[in-house]
>>> print(open('target.cif').read())   # mmCIF, C-alpha atoms
data_run
loop_
_atom_site.label_atom_id
_atom_site.label_comp_id
_atom_site.auth_asym_id
_atom_site.auth_seq_id
_atom_site.Cartn_x
_atom_site.Cartn_y
_atom_site.Cartn_z
CA MET A 158 -20.27 12.98 -3.53
CA GLU A 159 -22.52 13.52 -0.55
CA GLU A 160 -22.37 16.98 1.03
CA MET A 161 -20.59 15.74 4.14
CA ASN A 162 -18.05 13.81 2.08
CA LYS A 163 -17.45 16.82 -0.14
CA PHE A 164 -16.89 18.98 2.96
CA GLU A 165 -14.53 16.42 4.48
CA HIS A 166 -12.66 16.18 1.18
CA GLU A 167 -12.29 19.96 0.97
CA GLN A 168 -11.06 20.12 4.57
CA MET A 169 -8.54 17.35 3.91
CA MET A 170 -7.25 19.10 0.80
CA LYS A 171 -6.68 22.23 2.92
CA ALA A 172 -4.74 20.22 5.48
CA LYS A 173 -1.01 20.39 5.08
CA PRO A 174 0.32 17.18 3.55
CA SER A 175 2.53 15.25 5.94
CA ILE A 176 4.58 12.10 5.65
CA THR A 177 4.45 11.61 9.44
CA PRO A 178 1.29 9.42 9.41
CA LEU A 179 2.83 7.15 6.78
CA LEU A 180 6.03 6.75 8.80
CA ALA A 181 4.04 6.14 11.99
CA ILE A 182 1.93 3.43 10.35
CA LEU A 183 5.00 1.80 8.80
CA GLY A 184 6.62 1.87 12.24
CA GLY A 185 3.53 0.20 13.68
CA VAL A 186 3.68 -2.53 11.03
CA VAL A 187 7.35 -3.14 11.89
CA LEU A 188 6.56 -3.18 15.61
CA ILE A 189 3.71 -5.68 15.20
CA THR A 190 5.99 -7.89 13.09
CA LEU A 191 8.76 -7.78 15.70
CA ILE A 192 6.35 -8.51 18.54
CA TRP A 193 4.85 -11.42 16.59
CA SER A 194 8.32 -12.85 15.93
CA ALA A 195 9.36 -12.41 19.57
CA VAL A 196 6.21 -14.08 20.89
CA THR A 197 6.36 -17.01 18.46
CA GLY A 198 10.15 -17.30 18.49
CA LEU A 199 10.09 -17.49 14.69
CA TRP A 200 12.82 -15.25 13.28
CA ASP A 201 13.27 -16.96 9.91
CA ALA A 202 13.55 -14.20 7.30
CA LEU A 203 10.86 -15.61 5.02
CA ILE A 204 8.38 -15.92 7.88
CA VAL A 205 9.18 -12.39 9.08
CA PHE A 206 8.73 -11.11 5.50
CA ARG A 207 5.39 -12.90 5.28
CA ILE A 208 4.08 -11.46 8.55
CA PHE A 209 5.34 -7.94 7.73
CA MET A 210 3.72 -8.06 4.30
CA GLY A 211 0.47 -9.45 5.69
CA VAL A 212 0.15 -6.76 8.34
CA PHE A 213 1.23 -4.10 5.83
CA PHE A 214 -1.32 -5.05 3.17
CA VAL A 215 -4.24 -5.47 5.58
CA THR A 216 -3.48 -2.16 7.31
CA PHE A 217 -3.03 -0.16 4.12
CA SER A 218 -6.10 -1.69 2.46
CA VAL A 219 -8.29 -0.68 5.41
CA PHE A 220 -7.23 2.97 5.06
CA LYS A 221 -8.05 2.84 1.34
CA LEU A 222 -11.46 1.30 2.02
CA LEU A 223 -12.45 4.20 4.31
CA ASP A 224 -13.10 6.25 1.17
CA LEU A 225 -13.04 3.84 -1.74
CA LYS A 226 -14.29 6.35 -4.31
CA GLY A 227 -11.79 9.00 -3.18
CA PHE A 228 -8.97 6.46 -3.22
CA ALA A 229 -9.86 5.32 -6.75
CA GLN A 230 -9.88 8.93 -7.98
CA ALA A 231 -6.58 9.81 -6.28
CA TYR A 232 -4.91 6.58 -7.41
CA ALA A 233 -5.93 7.17 -11.04
CA THR A 234 -3.94 10.42 -11.06
CA TYR A 235 -0.63 8.55 -11.07
CA ASP A 236 -1.00 4.77 -11.31
CA VAL A 237 -0.32 3.48 -14.85
CA VAL A 238 -3.02 0.78 -14.68
CA ALA A 239 -5.66 2.85 -12.85
CA LYS A 240 -5.28 5.58 -15.50
CA LYS A 241 -6.12 3.12 -18.29
CA VAL A 242 -8.40 0.50 -16.71
CA SER A 243 -11.67 1.87 -15.40
CA GLY A 244 -12.51 0.36 -12.03
CA TYR A 245 -8.99 -0.82 -11.16
CA GLY A 246 -8.75 1.79 -8.39
CA PHE A 247 -11.94 0.42 -6.84
CA PHE A 248 -10.61 -3.15 -7.01
CA TYR A 249 -7.03 -2.42 -5.83
CA PRO A 250 -7.73 -2.21 -2.05
CA PHE A 251 -9.39 -5.62 -2.24
CA ILE A 252 -6.30 -7.01 -3.97
CA GLU A 253 -4.22 -5.67 -1.08
CA LEU A 254 -6.62 -7.13 1.48
CA TRP A 255 -6.51 -10.51 -0.28
CA LEU A 256 -2.71 -10.40 -0.36
CA GLY A 257 -2.55 -9.50 3.34
CA VAL A 258 -4.84 -12.33 4.39
CA ASN A 259 -2.91 -14.76 2.19
CA TYR A 260 0.41 -13.72 3.74
CA LEU A 261 -0.89 -13.89 7.30
CA PHE A 262 -2.45 -17.33 6.85
CA HIS A 263 0.20 -18.62 4.41
CA LEU A 264 -2.37 -19.31 1.69
CA MET A 265 -1.23 -19.95 -1.89
CA PRO A 266 2.29 -18.61 -1.26
CA ARG A 267 3.56 -18.81 -4.86
CA VAL A 268 0.47 -17.14 -6.31
CA THR A 269 0.50 -14.51 -3.56
CA ASP A 270 4.17 -13.71 -4.15
CA TRP A 271 3.68 -13.49 -7.93
CA VAL A 272 0.66 -11.20 -7.60
CA THR A 273 2.55 -9.02 -5.11
CA PHE A 274 5.62 -8.89 -7.34
CA LEU A 275 3.56 -7.85 -10.37
CA VAL A 276 1.13 -5.47 -8.66
CA MET A 277 3.76 -3.68 -6.58
CA GLY A 278 6.25 -3.63 -9.44
CA ILE A 279 3.71 -1.96 -11.72
CA SER A 280 2.67 0.39 -8.93
CA SER A 281 6.33 1.37 -8.52
CA VAL A 282 6.42 2.48 -12.16
CA GLY A 283 3.48 4.85 -11.64
CA VAL A 284 5.04 6.30 -8.49
CA LEU A 285 8.41 6.73 -10.22
CA LEU A 286 6.81 8.53 -13.16
CA ALA A 287 4.85 10.78 -10.80
CA LEU A 288 8.02 11.67 -8.88
CA GLN A 289 9.95 12.33 -12.10
CA SER A 290 7.24 14.72 -13.30
CA LYS A 291 8.10 17.00 -10.35
CA LYS A 292 4.38 17.77 -9.97
CA PRO A 293 2.92 17.49 -6.48
CA PHE A 294 0.82 14.35 -6.17
CA ARG A 295 -1.26 13.23 -3.26
CA CYS A 296 -0.16 9.73 -2.33
CA ALA A 297 -3.13 7.41 -2.16
CA CYS A 298 -1.20 4.80 -0.15
CA LEU A 299 -3.24 5.61 2.98
CA GLY A 300 -6.41 6.45 1.10
CA THR A 301 -7.74 9.99 1.17
CA LYS A 302 -8.63 10.46 4.83
CA ILE A 303 -4.97 11.23 5.56
CA ASN A 304 -3.19 13.78 3.37
CA VAL A 305 0.15 12.21 2.49
CA PRO A 306 2.35 13.73 -0.23
CA MET A 307 3.96 11.57 -2.89
CA THR A 308 7.62 11.20 -1.94
CA THR A 309 10.48 8.78 -2.41
CA VAL A 310 9.20 6.99 0.71
CA THR A 311 6.21 5.86 -1.38
CA LEU A 312 8.55 4.54 -4.05
CA LEU A 313 10.73 2.79 -1.49
CA GLU A 314 7.65 1.22 0.12
CA ASP A 315 6.47 -0.18 -3.24
CA LEU A 316 9.95 -1.36 -4.20
CA LEU A 317 10.47 -2.99 -0.80
CA MET A 318 7.31 -5.06 -1.24
CA THR A 319 8.36 -5.98 -4.80
CA VAL A 320 11.84 -7.06 -3.66
CA MET A 321 10.50 -9.02 -0.67
CA ALA A 322 8.05 -10.88 -2.93
CA GLY A 323 10.88 -11.54 -5.39
CA ILE A 324 13.10 -12.94 -2.64
CA MET A 325 10.31 -15.21 -1.45
CA LEU A 326 9.74 -16.43 -5.01
CA LEU A 327 13.42 -17.33 -5.29
CA TRP A 328 13.59 -19.06 -1.90
CA LEU A 329 10.35 -21.06 -1.98
#
>>> encode(input="target.cif", output="structure tokens")
Amino acid sequence: MEEMNKFEHEQMMKAKPSITPLLAILGGVVLITLIWSAVTGLWDALIVFRIFMGVFFVTFSVFKLLDLKGFAQAYATYDVVAKKVSGYGFFYPFIELWLGVNYLFHLMPRVTDWVTFLVMGISSVGVLLALQSKKPFRCACLGTKINVPMTTVTLLEDLLMTVMAGIMLLWL
């Protein structure tokens, strides 16, 4: 790590973990989705799901990409795949970005829904195991520039994306 990055990392670790940024960003994703639906007049559930998921994945991937190395290290502390597969944590934000773009532009909907269902379902397992361990984990959902603790909100977020992808797979 460069000296400045190491300093920033140490300062962030000293910062009190807060779920407020996560809730604010989720609120922003919901707000953007509602505004988009109001402007376009498209309130069909599947279209709203698609826009929500697109905005969600693009937004969250950008936060992870701000410190890719830090994200990969933090993610490997609790994700079942990132623990076992070297490099998965570096690749994961790009998977999210790809998913987000696909949802927003309605590209390869079946493939996108299957990848989302599998990736978020597996991610949910890692989060659940981390929560069950009762150890404090730093949630890597917003990368490492924002200190978010691992909570049930993280699990609900992953499960919500899994369920939404599952619903879209059933309805398409």
>>> residues_around(input="target.cif", residues="region 203-206 of chain A", least_positions_apart="6", cutoff="10 Å", atoms="only C-alpha atoms", output="number ranges by chain")
A: 187, 190-191, 193-194, 260-261, 263, 318, 321-322, 324-325, 328-329
>>> residues_around(input="target.cif", residues="region 281-295 of chain A", least_positions_apart="5", cutoff="9 Å", atoms="all atoms listed in the file", output="mmCIF file with C-alpha atoms, keeping the file's coordinate frame")
data_model
loop_
_atom_site.group_PDB
_atom_site.id
_atom_site.type_symbol
_atom_site.label_atom_id
_atom_site.label_comp_id
_atom_site.auth_asym_id
_atom_site.auth_seq_id
_atom_site.Cartn_x
_atom_site.Cartn_y
_atom_site.Cartn_z
ATOM 1 C CA PRO A 174 0.320 17.180 3.550
ATOM 2 C CA ALA A 231 -6.580 9.810 -6.280
ATOM 3 C CA TYR A 232 -4.910 6.580 -7.410
ATOM 4 C CA THR A 234 -3.940 10.420 -11.060
ATOM 5 C CA TYR A 235 -0.630 8.550 -11.070
ATOM 6 C CA ASP A 236 -1.000 4.770 -11.310
ATOM 7 C CA VAL A 237 -0.320 3.480 -14.850
ATOM 8 C CA VAL A 238 -3.020 0.780 -14.680
ATOM 9 C CA VAL A 276 1.130 -5.470 -8.660
ATOM 10 C CA THR A 301 -7.740 9.990 1.170
ATOM 11 C CA ASN A 304 -3.190 13.780 3.370
ATOM 12 C CA VAL A 305 0.150 12.210 2.490
ATOM 13 C CA PRO A 306 2.350 13.730 -0.230
ATOM 14 C CA MET A 307 3.960 11.570 -2.890
ATOM 15 C CA THR A 308 7.620 11.200 -1.940
ATOM 16 C CA THR A 309 10.480 8.780 -2.410
ATOM 17 C CA THR A 311 6.210 5.860 -1.380
ATOM 18 C CA LEU A 312 8.550 4.540 -4.050
ATOM 19 C CA LEU A 313 10.730 2.790 -1.490
ATOM 20 C CA GLU A 314 7.650 1.220 0.120
ATOM 21 C CA ASP A 315 6.470 -0.180 -3.240
ATOM 22 C CA LEU A 316 9.950 -1.360 -4.200
ATOM 23 C CA THR A 319 8.360 -5.980 -4.800
#
>>> closest_residue(input="target.cif", among="A:Ser280, A:Arg207, A:Phe274, A:Phe214", to="Tyr245 (chain A)", atoms="only C-alpha atoms")
A:Ser280
>>> atom_distance(input="target.cif", atom1="CA of Ile252 (chain A)", atom2="CA of Ser218 (chain A)")
8.3 Å
>>> atom_distance(input="target.cif", atom1="CA of Val310 (chain A)", atom2="CA of Leu275 (chain A)")
19.4 Å
>>> atom_distance(input="target.cif", atom1="CA of Phe217 (chain A)", atom2="CA of Arg267 (chain A)")
21.7 Å
>>> axis_aligned_box(input="target.cif", around="region 309-323 of chain A", padding_each_side="4 Å", output="lines of an AutoDock Vina configuration file")
center_x = 9.0
center_y = -1.4
center_z = -2.3
size_x = 13.6
size_y = 28.3
size_z = 14.1
>>> resolve_selection(input="target.cif", expression="the PyMOL selection byres ((chain A and resi 230) around 10)", output="count of residues only")
17
>>> residues_around(input="target.cif", residues="Ile182 (chain A)", least_positions_apart="6", cutoff="10 Å", atoms="only C-alpha atoms", output="ChimeraX atom specification")
/A:188,213,216-217,299
>>> closest_residue(input="target.cif", among="A:Ala202, A:Leu183, A:Val196, A:Met277", to="Val320 (chain A)", atoms="only C-alpha atoms")
A:Met277
>>> closest_residue(input="target.cif", among="A:Val219, A:Ala181, A:Ile176, A:Leu256", to="Asp270 (chain A)", atoms="only C-alpha atoms")
A:Leu256
>>> build_atoms(input="target.cif", residues="region 269-284 of chain A", atoms="N, CA and C atoms", output="PDB file, in the frame of the given file")
ATOM      1  N   THR A 269       0.485 -15.767  -4.322  1.00  0.00           N
ATOM      2  CA  THR A 269       0.500 -14.510  -3.560  1.00  0.00           C
ATOM      3  C   THR A 269       1.767 -13.721  -3.856  1.00  0.00           C
ATOM      4  N   ASP A 270       2.904 -14.402  -3.864  1.00  0.00           N
ATOM      5  CA  ASP A 270       4.170 -13.710  -4.150  1.00  0.00           C
ATOM      6  C   ASP A 270       4.207 -13.181  -5.584  1.00  0.00           C
ATOM      7  N   TRP A 271       3.706 -13.956  -6.541  1.00  0.00           N
ATOM      8  CA  TRP A 271       3.680 -13.490  -7.930  1.00  0.00           C
ATOM      9  C   TRP A 271       2.765 -12.273  -8.091  1.00  0.00           C
ATOM     10  N   VAL A 272       1.587 -12.338  -7.491  1.00  0.00           N
ATOM     11  CA  VAL A 272       0.660 -11.200  -7.600  1.00  0.00           C
ATOM     12  C   VAL A 272       1.281  -9.971  -6.951  1.00  0.00           C
ATOM     13  N   THR A 273       1.891 -10.148  -5.779  1.00  0.00           N
ATOM     14  CA  THR A 273       2.550  -9.020  -5.110  1.00  0.00           C
ATOM     15  C   THR A 273       3.665  -8.457  -5.974  1.00  0.00           C
ATOM     16  N   PHE A 274       4.496  -9.332  -6.512  1.00  0.00           N
ATOM     17  CA  PHE A 274       5.620  -8.890  -7.340  1.00  0.00           C
ATOM     18  C   PHE A 274       5.125  -8.073  -8.533  1.00  0.00           C
ATOM     19  N   LEU A 275       4.094  -8.554  -9.196  1.00  0.00           N
ATOM     20  CA  LEU A 275       3.560  -7.850 -10.370  1.00  0.00           C
ATOM     21  C   LEU A 275       2.841  -6.562  -9.993  1.00  0.00           C
ATOM     22  N   VAL A 276       1.932  -6.638  -9.034  1.00  0.00           N
ATOM     23  CA  VAL A 276       1.130  -5.470  -8.660  1.00  0.00           C
ATOM     24  C   VAL A 276       2.011  -4.352  -8.097  1.00  0.00           C
ATOM     25  N   MET A 277       2.912  -4.710  -7.185  1.00  0.00           N
ATOM     26  CA  MET A 277       3.760  -3.680  -6.580  1.00  0.00           C
ATOM     27  C   MET A 277       4.830  -3.185  -7.546  1.00  0.00           C
ATOM     28  N   GLY A 278       5.297  -4.055  -8.425  1.00  0.00           N
ATOM     29  CA  GLY A 278       6.250  -3.630  -9.440  1.00  0.00           C
ATOM     30  C   GLY A 278       5.630  -2.611 -10.389  1.00  0.00           C
ATOM     31  N   ILE A 279       4.416  -2.891 -10.837  1.00  0.00           N
ATOM     32  CA  ILE A 279       3.710  -1.960 -11.720  1.00  0.00           C
ATOM     33  C   ILE A 279       3.375  -0.673 -10.981  1.00  0.00           C
ATOM     34  N   SER A 280       2.963  -0.798  -9.732  1.00  0.00           N
ATOM     35  CA  SER A 280       2.670   0.390  -8.930  1.00  0.00           C
ATOM     36  C   SER A 280       3.915   1.269  -8.780  1.00  0.00           C
ATOM     37  N   SER A 281       5.061   0.631  -8.642  1.00  0.00           N
ATOM     38  CA  SER A 281       6.330   1.370  -8.520  1.00  0.00           C
ATOM     39  C   SER A 281       6.591   2.235  -9.749  1.00  0.00           C
ATOM     40  N   VAL A 282       6.230   1.718 -10.917  1.00  0.00           N
ATOM     41  CA  VAL A 282       6.420   2.480 -12.160  1.00  0.00           C
ATOM     42  C   VAL A 282       5.608   3.760 -12.123  1.00  0.00           C
ATOM     43  N   GLY A 283       4.336   3.665 -11.717  1.00  0.00           N
ATOM     44  CA  GLY A 283       3.480   4.850 -11.640  1.00  0.00           C
ATOM     45  C   GLY A 283       4.019   5.875 -10.650  1.00  0.00           C
ATOM     46  N   VAL A 284       4.490   5.395  -9.509  1.00  0.00           N
ATOM     47  CA  VAL A 284       5.040   6.300  -8.490  1.00  0.00           C
ATOM     48  C   VAL A 284       6.316   6.966  -9.024  1.00  0.00           C
TER      49      VAL A 284
END
